[in-house]
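Everything on this sheet refers to the single structure shown next.
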Amino acid sequence: MIRKIQDQIQQLKKERDVTILAHCYQSADITEVADFVGDSYALAVAATKVKSSTVVMCGVRFMAEGVKLLCPDKRVLLSHKDAGCPMAEQFSPAEITAYKEAHPECTVVAYINTTAALKAVCDVCVTSSSAVKIVSALPGREILFIPDCNLGAYVAARVPDKQFTFMDGGCPIHGGVKKEEALAAMAAHPGAPLLVHPECSPEICDLADFVGSTTDIMKYAKESAASAFIIGTENSIVAHLRLQCPDKAFYPMSKGLICADMRLTTLPDVLDCILGGGEEITLDPDIAKKARRCIDEMIRLGG
């Protein structure tokens, strides 16, 4: 049945001028029919390079908004209307605007895992892989980093000449992993390098052999001479790496590293999008214009 649906999708996307983007946290049956697989920013950039009039985002809402920001003339569909991101919605634009008014010298740095409305009131976006480079290049010393305190702490430790302020936010999945879980995984798999995402707590990052974005974690595992790894990011990556590197062993750092929102999208949802379903992403023109400036500044400073 899975193969039959995949074949339908492959045929229909050609007939209906559709490009499918899949975040790397999606299941293998979805990534197999995608035209591009990667992290949120890479997928948005990929969308700008295709000629298709319609793009289906298999991920969560802020990712689909990111595609729409960079591709305003394309029809962008979110594969499951309820696929959100708790971290992306932790703060309101009004909260950030009020902070900026009280601290006019502060530069507001928004992790890309934020809504378009939130990006619209921030100064620059960053990804987990570009954050250190971009924050280092900012002219101002005072930084408000939102929403993820853990990623912010990771950046702050590497950019000591800046003064950071954080709000109480972060990824409940990565941030919810306890140090004891990481230690237990290390004890169960001695010698296996621990690779973690900087959305994990600083005490877990301190234990890690490598800290980086999901894409960088996968690259490290594929290129390393080691034969076994403990993966400290969403557990779908364990499954993907096991398929892509059958000669190596991969173990989850925690059984709790599962993003329920990412798991909402199913293969039939992708088919339904191509057949006319899904939710089309629309953005207020003024919000889109301001949010796009935030992304353009990220591109200027980070490449």
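Residue numbering restarts at 1 in every chain; chains get A, B, ... in the order shown in the structure tokens, and ligands count up from 1 in that same order.
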
Mind running segment 57-94 of chain A against segment 114-125 of chain A at 9 Å and telling me each contacting residue's nearest atom pair with the distance in Å (one decimal), counting only C-alpha atoms, chain and number ascending, as CSV?
residue,atom,partner,partner_atom,distance
A:Arg61,CA,A:Thr115,CA,8.0
A:Phe62,CA,A:Thr115,CA,5.2
A:Met63,CA,A:Thr115,CA,8.7
A:Glu65,CA,A:Ala116,CA,6.4
A:Gly66,CA,A:Ala116,CA,7.3
A:Leu69,CA,A:Ala116,CA,8.1
A:Cys85,CA,A:Thr114,CA,8.3
A:Met87,CA,A:Thr114,CA,7.1
A:Ala88,CA,A:Thr114,CA,3.8
A:Glu89,CA,A:Thr115,CA,6.5
A:Gln90,CA,A:Thr114,CA,8.5
A:Phe91,CA,A:Leu118,CA,7.7
A:Ser92,CA,A:Leu118,CA,6.6
A:Pro93,CA,A:Leu118,CA,5.1
A:Ala94,CA,A:Val121,CA,8.6

Which residues of segment 200-291 of chain A come within 9 Å of segment 43-57 of chain A, and what is each one's closest atom pair and distance in Å (one decimal), counting only C-alpha atoms, sorted by chain and residue number, as a tab-separated table?
residue	atom	partner	partner_atom	distance
A:Val270	CA	A:Val56	CA	7.7
A:Cys273	CA	A:Val56	CA	7.1
A:Ile274	CA	A:Val56	CA	7.9
A:Gly278	CA	A:Val56	CA	8.4

query: With only C-alpha atoms as the basis for distance, which of A:Ala28, A:Tyr154, A:Leu264, A:Leu241 is at the shortest distance from Lys81 of chain A?
result: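 Looking at the shortest contact to Lys81 of chain A, the residue is A:Leu264.
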
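Across A:Thr215, A:Lys162, A:Glu180, A:Gly191, the tightest approach to Val37 of chain A is made by A:Thr215 when counting only C-alpha atoms.
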
field: Å distance separating atom CA of Ala22 of chain A from atom CA of Glu279 of chain A, one decimal place
entry: 15.7 Å
